[in-house]
Amino acid sequence: MSNEIRDIFDRIAPVYDQLNDWLSLGQHRIWKEMTVKWSAVKPGDTCLDLCCGSGDLTFRLARYAGVTGKVYGVDFSCNLLTVAKERCHKYYPQASITWLEADVLNLPFDDNQFDAITMGYGLRNVKDIPLSLQEIYRVLKPGGKAAILDFHKPSNAILRTFQQWYLDNLVVPLATNLGVKEEYAYISPSLDRFPIGQEQVRIAQKIGFVNTIHYPISNDMMGVLVVNK
Ligand SMILES: C/C(=C\Cc1cc(O)c2ccccc2c1O)CCC[C@H](C)CCC[C@H](C)CCCC(C)C
Ligand SMILES: C[S@@+](CC[C@H](N)C(=O)[O-])C[C@H]1O[C@@H](n2cnc3c(N)ncnc32)[C@H](O)[C@@H]1O
């Protein structure tokens, strides 16, 4: 299962950034900026971006953490990490970022290391959501915060129908033209299985997080789970 997910992301790496811009009409940049702001990262912080992919959230964390901060980007897709490193070299050569190829369900860090953690479009893809949140809890410092961005199923039936229509009639056909049909067709069933915001809040509270809130964004079609240790 994990290998299948990793292979999907390895295959879409060459078109990933371009398709995100096209298919979200550039909106994903705003959603990612909001997520980083909700992580409450500040200058000098030690930060972690989980499931960093090509690095969009990692670069934003590095901007807020500044020259005295330290940022780690973790992902298990070798190809997406290569894209992240190339972008880093080209556009953010000053940033203090360490890229690590690892499984976010078994993080290569000691307990209580991070002030701020982000995860963009990763939680829906891990094979064990409670375990993933437990790992985040373990490596956060007491008082630290994590902000987790992902798709969300709108509670409004019309918006849910629109979201499904968009995925079936715009996302998959455009991906088909670029030779990655099956990979993008995976989004819809993965969203069906994904717990809604309030269920995510309950899972996080069970693990021990406090001040746990799920913020709906983009008409409830996306959401950010914000948790504190
Ligand atoms: C950055 C985005 C998605 C990342 C993403 C997550 C996954 O789990 C994948 C799995 C398999 C292949 C690709 C991905 C993947 O790229 C979000 C933006 C891209 C979306 C494809 C666009 C979806 C748009 C909403 C359903 C509707 C928004 C409408 C509005 C006009 C902005
Ligand atoms: C949709 S991409 C998101 C990339 C980036 N965060 C963004 O928002 O653009 C999901 C990423 O999660 C990674 N991923 C999924 N499960 C993982 C796991 N168990 N360990 C590490 N990375 C994982 C994939 O390799 C992929 O890069």
# chains A, B, ... in the order shown; residues from 1 in each chain; ligands from 1
>>> residues_around(residues="A:Leu107", least_positions_apart="2", cutoff="10 Å", atoms="only C-alpha atoms", output="compact mmCIF listing (two decimals) with C-alpha atoms, in the first residue's frame")
# COMPACT_ATOMS: atom_id res chain seq x y z
CA LEU A 50 5.80 16.53 6.41
CA VAL A 74 10.41 14.98 4.76
CA LEU A 100 15.08 13.81 4.15
CA ALA A 102 11.68 8.98 5.04
CA ASP A 103 8.25 7.62 5.97
CA VAL A 104 6.27 10.13 8.04
CA LEU A 105 4.86 7.19 10.04
CA PHE A 109 13.73 12.59 14.91
CA ASP A 110 13.91 12.56 18.71
CA ASP A 111 10.87 13.62 20.77
CA SER A 132 0.66 9.84 11.69
CA GLU A 135 4.24 10.91 15.31
CA ILE A 136 3.48 14.63 14.91
CA ARG A 138 5.82 13.00 19.57
CA VAL A 139 8.19 15.31 17.69
>>> residues_near_ligand(ligand="ligand 1", cutoff="6 Å", atoms="only C-alpha atoms and all ligand atoms", output="list of chain:residue names")
A:Asn20, A:Leu23, A:Ser24, A:Leu25, A:Gln27, A:His28, A:Tyr121, A:Gln163, A:Tyr166, A:Leu167, A:Val171, A:Glu183, A:Tyr184, A:Tyr186, A:Ile187
>>> select_by_dssp(residues="stretch 20-226 of chain A", states="helix (DSSP H, G or I)", output="mmCIF file with N, CA and C atoms, in the first residue's frame")
data_model
loop_
_atom_site.group_PDB
_atom_site.id
_atom_site.type_symbol
_atom_site.label_atom_id
_atom_site.label_comp_id
_atom_site.auth_asym_id
_atom_site.auth_seq_id
_atom_site.Cartn_x
_atom_site.Cartn_y
_atom_site.Cartn_z
ATOM 1 N N ASN A 20 -0.978 21.464 -10.322
ATOM 2 C CA ASN A 20 -1.568 22.134 -9.150
ATOM 3 C C ASN A 20 -1.962 23.569 -9.487
ATOM 4 N N ASP A 21 -1.087 24.257 -10.230
ATOM 5 C CA ASP A 21 -1.399 25.644 -10.618
ATOM 6 C C ASP A 21 -2.616 25.692 -11.532
ATOM 7 N N TRP A 22 -2.618 24.831 -12.554
ATOM 8 C CA TRP A 22 -3.723 24.843 -13.524
ATOM 9 C C TRP A 22 -5.046 24.464 -12.864
ATOM 10 N N LEU A 23 -5.026 23.334 -12.144
ATOM 11 C CA LEU A 23 -6.284 22.744 -11.675
ATOM 12 C C LEU A 23 -6.905 23.499 -10.504
ATOM 13 N N GLN A 27 -5.040 28.752 -6.805
ATOM 14 C CA GLN A 27 -5.556 28.901 -5.431
ATOM 15 C C GLN A 27 -4.734 28.123 -4.398
ATOM 16 N N HIS A 28 -4.075 27.034 -4.826
ATOM 17 C CA HIS A 28 -3.348 26.216 -3.833
ATOM 18 C C HIS A 28 -2.259 27.025 -3.141
ATOM 19 N N ARG A 29 -1.762 28.069 -3.830
ATOM 20 C CA ARG A 29 -0.721 28.916 -3.207
ATOM 21 C C ARG A 29 -1.293 29.649 -1.994
ATOM 22 N N ILE A 30 -2.539 30.115 -2.137
ATOM 23 C CA ILE A 30 -3.199 30.827 -1.026
ATOM 24 C C ILE A 30 -3.469 29.852 0.118
ATOM 25 N N TRP A 31 -3.974 28.643 -0.216
ATOM 26 C CA TRP A 31 -4.267 27.656 0.829
ATOM 27 C C TRP A 31 -2.987 27.296 1.604
ATOM 28 N N LYS A 32 -1.870 27.202 0.884
ATOM 29 C CA LYS A 32 -0.601 26.832 1.537
ATOM 30 C C LYS A 32 -0.103 27.979 2.419
ATOM 31 N N GLU A 33 -0.266 29.210 1.946
ATOM 32 C CA GLU A 33 0.139 30.373 2.750
ATOM 33 C C GLU A 33 -0.680 30.418 4.048
ATOM 34 N N MET A 34 -1.976 30.164 3.940
ATOM 35 C CA MET A 34 -2.832 30.162 5.141
ATOM 36 C C MET A 34 -2.376 29.083 6.117
ATOM 37 N N THR A 35 -2.028 27.937 5.591
ATOM 38 C CA THR A 35 -1.595 26.810 6.437
ATOM 39 C C THR A 35 -0.339 27.177 7.228
ATOM 40 N N VAL A 36 0.617 27.798 6.533
ATOM 41 C CA VAL A 36 1.869 28.167 7.209
ATOM 42 C C VAL A 36 1.591 29.228 8.275
ATOM 43 N N LYS A 37 0.692 30.156 7.977
ATOM 44 C CA LYS A 37 0.345 31.175 8.997
ATOM 45 C C LYS A 37 -0.296 30.500 10.204
ATOM 46 N N TRP A 38 -1.166 29.508 9.973
ATOM 47 C CA TRP A 38 -1.814 28.807 11.096
ATOM 48 C C TRP A 38 -0.819 27.983 11.915
ATOM 49 N N ASP A 56 6.588 23.316 -1.660
ATOM 50 C CA ASP A 56 5.851 24.587 -1.548
ATOM 51 C C ASP A 56 5.734 25.084 -0.097
ATOM 52 N N LEU A 57 5.320 24.190 0.801
ATOM 53 C CA LEU A 57 5.149 24.606 2.204
ATOM 54 C C LEU A 57 6.503 24.761 2.897
ATOM 55 N N THR A 58 7.457 23.939 2.507
ATOM 56 C CA THR A 58 8.801 23.999 3.114
ATOM 57 C C THR A 58 9.434 25.370 2.867
ATOM 58 N N PHE A 59 9.322 25.857 1.616
ATOM 59 C CA PHE A 59 9.922 27.153 1.290
ATOM 60 C C PHE A 59 9.228 28.276 2.060
ATOM 61 N N ARG A 60 7.914 28.146 2.213
ATOM 62 C CA ARG A 60 7.180 29.179 2.966
ATOM 63 C C ARG A 60 7.598 29.155 4.440
ATOM 64 N N LEU A 61 7.732 27.963 5.017
ATOM 65 C CA LEU A 61 8.195 27.870 6.412
ATOM 66 C C LEU A 61 9.560 28.530 6.554
ATOM 67 N N ALA A 62 10.433 28.262 5.592
ATOM 68 C CA ALA A 62 11.807 28.797 5.659
ATOM 69 C C ALA A 62 11.781 30.326 5.607
ATOM 70 N N ARG A 63 10.862 30.873 4.821
ATOM 71 C CA ARG A 63 10.762 32.340 4.729
ATOM 72 C C ARG A 63 10.403 32.927 6.096
ATOM 73 N N TYR A 64 9.441 32.298 6.796
ATOM 74 C CA TYR A 64 9.016 32.829 8.099
ATOM 75 C C TYR A 64 10.031 32.513 9.213
ATOM 76 N N ALA A 65 10.713 31.380 9.129
ATOM 77 C CA ALA A 65 11.673 30.997 10.180
ATOM 78 C C ALA A 65 12.934 31.853 10.086
ATOM 79 N N CYS A 78 11.245 9.859 -3.864
ATOM 80 C CA CYS A 78 12.578 10.308 -4.274
ATOM 81 C C CYS A 78 12.465 11.347 -5.399
ATOM 82 N N ASN A 79 11.525 11.115 -6.341
ATOM 83 C CA ASN A 79 11.418 12.019 -7.499
ATOM 84 C C ASN A 79 10.907 13.402 -7.101
ATOM 85 N N LEU A 80 9.923 13.444 -6.182
ATOM 86 C CA LEU A 80 9.434 14.765 -5.752
ATOM 87 C C LEU A 80 10.497 15.481 -4.915
ATOM 88 N N LEU A 81 11.262 14.730 -4.126
ATOM 89 C CA LEU A 81 12.345 15.362 -3.360
ATOM 90 C C LEU A 81 13.400 15.942 -4.294
ATOM 91 N N THR A 82 13.637 15.267 -5.412
ATOM 92 C CA THR A 82 14.607 15.802 -6.397
ATOM 93 C C THR A 82 14.108 17.136 -6.945
ATOM 94 N N VAL A 83 12.787 17.208 -7.244
ATOM 95 C CA VAL A 83 12.212 18.476 -7.721
ATOM 96 C C VAL A 83 12.386 19.553 -6.643
ATOM 97 N N ALA A 84 12.108 19.190 -5.384
ATOM 98 C CA ALA A 84 12.223 20.158 -4.275
ATOM 99 C C ALA A 84 13.658 20.687 -4.174
ATOM 100 N N LYS A 85 14.616 19.781 -4.266
ATOM 101 C CA LYS A 85 16.021 20.203 -4.127
ATOM 102 C C LYS A 85 16.436 21.107 -5.281
ATOM 103 N N GLU A 86 15.955 20.784 -6.503
ATOM 104 C CA GLU A 86 16.290 21.630 -7.666
ATOM 105 C C GLU A 86 15.704 23.028 -7.503
ATOM 106 N N ARG A 87 14.426 23.073 -7.056
ATOM 107 C CA ARG A 87 13.780 24.388 -6.849
ATOM 108 C C ARG A 87 14.514 25.165 -5.757
ATOM 109 N N CYS A 88 14.938 24.468 -4.719
ATOM 110 C CA CYS A 88 15.634 25.112 -3.597
ATOM 111 C C CYS A 88 16.941 25.739 -4.086
ATOM 112 N N HIS A 89 17.678 24.954 -4.867
ATOM 113 C CA HIS A 89 18.971 25.406 -5.397
ATOM 114 C C HIS A 89 18.788 26.643 -6.275
ATOM 115 N N LYS A 90 17.694 26.622 -7.079
ATOM 116 C CA LYS A 90 17.465 27.685 -8.064
ATOM 117 C C LYS A 90 16.872 28.953 -7.425
ATOM 118 N N TYR A 91 15.851 28.763 -6.579
ATOM 119 C CA TYR A 91 15.084 29.932 -6.109
ATOM 120 C C TYR A 91 15.348 30.325 -4.659
ATOM 121 N N LEU A 123 -1.948 13.758 4.937
ATOM 122 C CA LEU A 123 -2.686 12.928 5.908
ATOM 123 C C LEU A 123 -3.644 11.966 5.208
ATOM 124 N N ARG A 124 -4.281 12.431 4.103
ATOM 125 C CA ARG A 124 -5.232 11.581 3.359
ATOM 126 C C ARG A 124 -4.520 10.399 2.706
ATOM 127 N N ASN A 125 -3.206 10.523 2.536
ATOM 128 C CA ASN A 125 -2.468 9.491 1.805
ATOM 129 C C ASN A 125 -1.732 8.489 2.692
ATOM 130 N N ILE A 129 -3.859 7.086 9.842
ATOM 131 C CA ILE A 129 -3.987 8.507 10.228
ATOM 132 C C ILE A 129 -3.675 8.733 11.719
ATOM 133 N N PRO A 130 -4.249 7.912 12.651
ATOM 134 C CA PRO A 130 -3.904 8.135 14.066
ATOM 135 C C PRO A 130 -2.396 8.012 14.323
ATOM 136 N N LEU A 131 -1.747 7.042 13.685
ATOM 137 C CA LEU A 131 -0.299 6.882 13.890
ATOM 138 C C LEU A 131 0.455 8.115 13.381
ATOM 139 N N SER A 132 -0.001 8.655 12.247
ATOM 140 C CA SER A 132 0.658 9.839 11.690
ATOM 141 C C SER A 132 0.530 11.020 12.663
ATOM 142 N N LEU A 133 -0.681 11.188 13.242
ATOM 143 C CA LEU A 133 -0.870 12.285 14.206
ATOM 144 C C LEU A 133 -0.058 12.037 15.483
ATOM 145 N N GLN A 134 0.069 10.755 15.865
ATOM 146 C CA GLN A 134 0.888 10.433 17.050
ATOM 147 C C GLN A 134 2.350 10.802 16.845
ATOM 148 N N GLU A 135 2.857 10.552 15.623
ATOM 149 C CA GLU A 135 4.243 10.909 15.312
ATOM 150 C C GLU A 135 4.437 12.430 15.368
ATOM 151 N N ILE A 136 3.415 13.166 14.859
ATOM 152 C CA ILE A 136 3.482 14.630 14.912
ATOM 153 C C ILE A 136 3.517 15.079 16.378
ATOM 154 N N TYR A 137 2.653 14.460 17.189
ATOM 155 C CA TYR A 137 2.598 14.805 18.628
ATOM 156 C C TYR A 137 3.958 14.533 19.280
ATOM 157 N N ARG A 138 4.542 13.410 18.946
ATOM 158 C CA ARG A 138 5.822 13.005 19.574
ATOM 159 C C ARG A 138 6.940 14.005 19.293
ATOM 160 N N VAL A 139 7.036 14.474 18.034
ATOM 161 C CA VAL A 139 8.193 15.315 17.687
ATOM 162 C C VAL A 139 7.957 16.814 17.934
ATOM 163 N N ALA A 157 -24.578 19.620 -0.021
ATOM 164 C CA ALA A 157 -24.663 18.618 -1.096
ATOM 165 C C ALA A 157 -24.323 19.218 -2.473
ATOM 166 N N ILE A 158 -24.695 20.482 -2.676
ATOM 167 C CA ILE A 158 -24.420 21.098 -3.992
ATOM 168 C C ILE A 158 -22.908 21.285 -4.182
ATOM 169 N N LEU A 159 -22.263 21.730 -3.107
ATOM 170 C CA LEU A 159 -20.796 21.926 -3.193
ATOM 171 C C LEU A 159 -20.078 20.589 -3.364
ATOM 172 N N ARG A 160 -20.571 19.556 -2.682
ATOM 173 C CA ARG A 160 -19.969 18.216 -2.812
ATOM 174 C C ARG A 160 -20.126 17.714 -4.257
ATOM 175 N N THR A 161 -21.321 17.965 -4.819
ATOM 176 C CA THR A 161 -21.567 17.550 -6.214
ATOM 177 C C THR A 161 -20.640 18.315 -7.159
ATOM 178 N N PHE A 162 -20.458 19.620 -6.900
ATOM 179 C CA PHE A 162 -19.549 20.417 -7.734
ATOM 180 C C PHE A 162 -18.115 19.887 -7.628
ATOM 181 N N GLN A 163 -17.689 19.598 -6.396
ATOM 182 C CA GLN A 163 -16.323 19.092 -6.188
ATOM 183 C C GLN A 163 -16.091 17.787 -6.966
ATOM 184 N N GLN A 164 -17.077 16.890 -6.862
ATOM 185 C CA GLN A 164 -16.956 15.604 -7.554
ATOM 186 C C GLN A 164 -16.947 15.809 -9.071
ATOM 187 N N TRP A 165 -17.811 16.732 -9.543
ATOM 188 C CA TRP A 165 -17.865 17.040 -10.979
ATOM 189 C C TRP A 165 -16.510 17.585 -11.449
ATOM 190 N N TYR A 166 -15.937 18.483 -10.633
ATOM 191 C CA TYR A 166 -14.648 19.106 -10.982
ATOM 192 C C TYR A 166 -13.547 18.038 -11.094
ATOM 193 N N LEU A 167 -13.539 17.126 -10.106
ATOM 194 C CA LEU A 167 -12.518 16.066 -10.118
ATOM 195 C C LEU A 167 -12.707 15.153 -11.344
ATOM 196 N N ASP A 168 -13.958 14.767 -11.627
ATOM 197 C CA ASP A 168 -14.229 13.810 -12.714
ATOM 198 C C ASP A 168 -14.081 14.431 -14.102
ATOM 199 N N ASN A 169 -14.470 15.721 -14.226
ATOM 200 C CA ASN A 169 -14.584 16.301 -15.570
ATOM 201 C C ASN A 169 -13.488 17.293 -15.936
ATOM 202 N N LEU A 170 -12.735 17.770 -14.954
ATOM 203 C CA LEU A 170 -11.617 18.675 -15.260
ATOM 204 C C LEU A 170 -10.282 18.068 -14.852
ATOM 205 N N VAL A 171 -10.213 17.600 -13.585
ATOM 206 C CA VAL A 171 -8.921 17.110 -13.077
ATOM 207 C C VAL A 171 -8.474 15.858 -13.847
ATOM 208 N N VAL A 172 -9.334 14.833 -13.876
ATOM 209 C CA VAL A 172 -8.911 13.564 -14.500
ATOM 210 C C VAL A 172 -8.665 13.733 -16.016
ATOM 211 N N PRO A 173 -9.561 14.416 -16.763
ATOM 212 C CA PRO A 173 -9.277 14.582 -18.193
ATOM 213 C C PRO A 173 -7.968 15.339 -18.483
ATOM 214 N N LEU A 174 -7.692 16.401 -17.710
ATOM 215 C CA LEU A 174 -6.440 17.140 -17.950
ATOM 216 C C LEU A 174 -5.229 16.249 -17.614
ATOM 217 N N ALA A 175 -5.339 15.505 -16.509
ATOM 218 C CA ALA A 175 -4.253 14.589 -16.140
ATOM 219 C C ALA A 175 -4.082 13.507 -17.210
ATOM 220 N N THR A 176 -5.194 13.067 -17.804
ATOM 221 C CA THR A 176 -5.128 12.035 -18.853
ATOM 222 C C THR A 176 -4.284 12.530 -20.026
ATOM 223 N N ASN A 177 -4.470 13.815 -20.383
ATOM 224 C CA ASN A 177 -3.694 14.394 -21.486
ATOM 225 C C ASN A 177 -2.202 14.386 -21.211
ATOM 226 N N LYS A 181 -3.440 9.646 -15.849
ATOM 227 C CA LYS A 181 -4.867 9.502 -15.543
ATOM 228 C C LYS A 181 -5.120 8.750 -14.226
ATOM 229 N N GLU A 182 -4.564 7.530 -14.125
ATOM 230 C CA GLU A 182 -4.844 6.689 -12.943
ATOM 231 C C GLU A 182 -4.404 7.387 -11.665
ATOM 232 N N GLU A 183 -3.285 8.091 -11.753
ATOM 233 C CA GLU A 183 -2.724 8.755 -10.580
ATOM 234 C C GLU A 183 -3.687 9.820 -10.050
ATOM 235 N N TYR A 184 -4.283 10.612 -10.955
ATOM 236 C CA TYR A 184 -5.209 11.660 -10.510
ATOM 237 C C TYR A 184 -6.600 11.100 -10.216
ATOM 238 N N ALA A 185 -6.951 9.967 -10.843
ATOM 239 C CA ALA A 185 -8.230 9.326 -10.530
ATOM 240 C C ALA A 185 -8.229 8.824 -9.078
ATOM 241 N N ILE A 187 -7.431 10.512 -6.466
ATOM 242 C CA ILE A 187 -7.820 11.555 -5.497
ATOM 243 C C ILE A 187 -9.244 11.312 -4.977
ATOM 244 N N SER A 188 -10.181 11.030 -5.897
ATOM 245 C CA SER A 188 -11.585 10.937 -5.506
ATOM 246 C C SER A 188 -11.849 9.827 -4.472
ATOM 247 N N PRO A 189 -11.438 8.570 -4.718
ATOM 248 C CA PRO A 189 -11.674 7.549 -3.676
ATOM 249 C C PRO A 189 -10.925 7.819 -2.383
ATOM 250 N N SER A 190 -9.759 8.451 -2.484
ATOM 251 C CA SER A 190 -9.010 8.746 -1.249
ATOM 252 C C SER A 190 -9.756 9.799 -0.426
ATOM 253 N N LEU A 191 -10.459 10.710 -1.113
ATOM 254 C CA LEU A 191 -11.255 11.723 -0.402
ATOM 255 C C LEU A 191 -12.502 11.088 0.233
ATOM 256 N N ASP A 192 -13.114 10.131 -0.474
ATOM 257 C CA ASP A 192 -14.275 9.422 0.093
ATOM 258 C C ASP A 192 -13.931 8.772 1.437
ATOM 259 N N ARG A 193 -12.723 8.216 1.504
ATOM 260 C CA ARG A 193 -12.310 7.490 2.726
ATOM 261 C C ARG A 193 -11.863 8.426 3.846
ATOM 262 N N GLY A 197 -13.749 16.968 8.834
ATOM 263 C CA GLY A 197 -13.044 17.817 9.808
ATOM 264 C C GLY A 197 -13.302 17.452 11.261
ATOM 265 N N GLN A 198 -14.591 17.286 11.624
ATOM 266 C CA GLN A 198 -14.897 17.022 13.037
ATOM 267 C C GLN A 198 -14.371 15.662 13.493
ATOM 268 N N GLU A 199 -14.333 14.693 12.580
ATOM 269 C CA GLU A 199 -13.736 13.384 12.931
ATOM 270 C C GLU A 199 -12.229 13.533 13.123
ATOM 271 N N GLN A 200 -11.595 14.350 12.273
ATOM 272 C CA GLN A 200 -10.156 14.598 12.425
ATOM 273 C C GLN A 200 -9.878 15.217 13.796
ATOM 274 N N VAL A 201 -10.751 16.166 14.200
ATOM 275 C CA VAL A 201 -10.591 16.821 15.504
ATOM 276 C C VAL A 201 -10.674 15.786 16.620
ATOM 277 N N ARG A 202 -11.647 14.865 16.525
ATOM 278 C CA ARG A 202 -11.814 13.841 17.575
ATOM 279 C C ARG A 202 -10.582 12.932 17.655
ATOM 280 N N ILE A 203 -10.049 12.543 16.503
ATOM 281 C CA ILE A 203 -8.861 11.663 16.500
ATOM 282 C C ILE A 203 -7.685 12.397 17.165
ATOM 283 N N ALA A 204 -7.522 13.679 16.802
ATOM 284 C CA ALA A 204 -6.393 14.457 17.347
ATOM 285 C C ALA A 204 -6.536 14.640 18.860
ATOM 286 N N GLN A 205 -7.770 14.889 19.325
ATOM 287 C CA GLN A 205 -7.977 15.079 20.771
ATOM 288 C C GLN A 205 -7.669 13.803 21.540
ATOM 289 N N LYS A 206 -8.030 12.646 20.955
ATOM 290 C CA LYS A 206 -7.761 11.348 21.593
ATOM 291 C C LYS A 206 -6.260 11.132 21.795
ATOM 292 N N ILE A 207 -5.483 11.675 20.849
ATOM 293 C CA ILE A 207 -4.027 11.516 20.927
ATOM 294 C C ILE A 207 -3.429 12.416 22.007
#
>>> select_by_dssp(residues="stretch 120-221 of chain A", states="strand (DSSP E)", output="VMD selection string")
chain A and resid 120 140 to 151 210 to 217
>>> write_last_selection(atoms="N, CA and C atoms", output="mmCIF file, in the first residue's frame")
data_model
loop_
_atom_site.group_PDB
_atom_site.id
_atom_site.type_symbol
_atom_site.label_atom_id
_atom_site.label_comp_id
_atom_site.auth_asym_id
_atom_site.auth_seq_id
_atom_site.Cartn_x
_atom_site.Cartn_y
_atom_site.Cartn_z
ATOM 1 N N GLY A 120 0.969 19.153 3.996
ATOM 2 C CA GLY A 120 0.032 19.521 2.935
ATOM 3 C C GLY A 120 -0.313 18.311 2.093
ATOM 4 N N LEU A 140 6.687 17.205 18.179
ATOM 5 C CA LEU A 140 6.415 18.622 18.515
ATOM 6 C C LEU A 140 6.927 18.915 19.920
ATOM 7 N N LYS A 141 7.433 20.147 20.111
ATOM 8 C CA LYS A 141 7.766 20.593 21.468
ATOM 9 C C LYS A 141 6.463 20.857 22.226
ATOM 10 N N PRO A 142 6.436 20.728 23.548
ATOM 11 C CA PRO A 142 5.257 21.174 24.294
ATOM 12 C C PRO A 142 5.000 22.649 23.952
ATOM 13 N N GLY A 143 3.773 22.978 23.617
ATOM 14 C CA GLY A 143 3.451 24.354 23.184
ATOM 15 C C GLY A 143 3.559 24.540 21.680
ATOM 16 N N GLY A 144 4.120 23.555 20.995
ATOM 17 C CA GLY A 144 4.267 23.651 19.529
ATOM 18 C C GLY A 144 2.943 23.418 18.820
ATOM 19 N N LYS A 145 2.925 23.810 17.536
ATOM 20 C CA LYS A 145 1.676 23.787 16.774
ATOM 21 C C LYS A 145 1.875 23.085 15.430
ATOM 22 N N ALA A 146 0.841 22.379 14.975
ATOM 23 C CA ALA A 146 0.895 21.792 13.629
ATOM 24 C C ALA A 146 -0.333 22.220 12.843
ATOM 25 N N ALA A 147 -0.152 22.454 11.532
ATOM 26 C CA ALA A 147 -1.259 22.825 10.647
ATOM 27 C C ALA A 147 -1.251 21.872 9.462
ATOM 28 N N ILE A 148 -2.397 21.206 9.268
ATOM 29 C CA ILE A 148 -2.481 20.091 8.320
ATOM 30 C C ILE A 148 -3.535 20.396 7.261
ATOM 31 N N LEU A 149 -3.069 20.637 6.032
ATOM 32 C CA LEU A 149 -3.956 21.026 4.922
ATOM 33 C C LEU A 149 -4.326 19.804 4.087
ATOM 34 N N ASP A 150 -5.605 19.704 3.725
ATOM 35 C CA ASP A 150 -5.982 18.618 2.802
ATOM 36 C C ASP A 150 -7.326 18.925 2.144
ATOM 37 N N PHE A 151 -7.688 18.079 1.196
ATOM 38 C CA PHE A 151 -9.040 18.140 0.639
ATOM 39 C C PHE A 151 -10.039 17.916 1.777
ATOM 40 N N VAL A 210 -4.361 19.647 22.122
ATOM 41 C CA VAL A 210 -5.322 20.607 22.705
ATOM 42 C C VAL A 210 -5.591 21.723 21.691
ATOM 43 N N ASN A 211 -6.587 22.548 21.987
ATOM 44 C CA ASN A 211 -6.969 23.649 21.077
ATOM 45 C C ASN A 211 -7.035 23.166 19.631
ATOM 46 N N THR A 212 -7.738 22.083 19.431
ATOM 47 C CA THR A 212 -7.782 21.424 18.121
ATOM 48 C C THR A 212 -8.963 21.970 17.314
ATOM 49 N N ILE A 213 -8.651 22.538 16.150
ATOM 50 C CA ILE A 213 -9.719 23.156 15.331
ATOM 51 C C ILE A 213 -9.532 22.749 13.874
ATOM 52 N N HIS A 214 -10.647 22.496 13.187
ATOM 53 C CA HIS A 214 -10.582 22.280 11.734
ATOM 54 C C HIS A 214 -11.211 23.491 11.051
ATOM 55 N N TYR A 215 -10.398 24.172 10.218
ATOM 56 C CA TYR A 215 -10.890 25.347 9.498
ATOM 57 C C TYR A 215 -11.264 24.950 8.072
ATOM 58 N N PRO A 216 -12.546 25.100 7.697
ATOM 59 C CA PRO A 216 -12.916 24.859 6.296
ATOM 60 C C PRO A 216 -12.415 26.022 5.437
ATOM 61 N N ILE A 217 -11.857 25.721 4.274
ATOM 62 C CA ILE A 217 -11.463 26.787 3.346
ATOM 63 C C ILE A 217 -11.962 26.437 1.949
#
>>> atom_distance(atom1="atom CA of A:Thr68", atom2="atom 4 (C, counted along the ligand's line) of ligand 2")
25.1 Å
>>> closest_residue(among="A:Asn106, A:Asp45, A:Pro14, A:Ala40", to="ligand 2", atoms="only C-alpha atoms and all ligand atoms")
A:Asn106
>>> closest_residue(among="A:Met222, A:Leu19, A:Leu178, A:Ala13", to="A:Ile196", atoms="only C-alpha atoms")
A:Met222
>>> atom_distance(atom1="atom CA of A:Gly122", atom2="atom CA of A:Val67")
27.0 Å
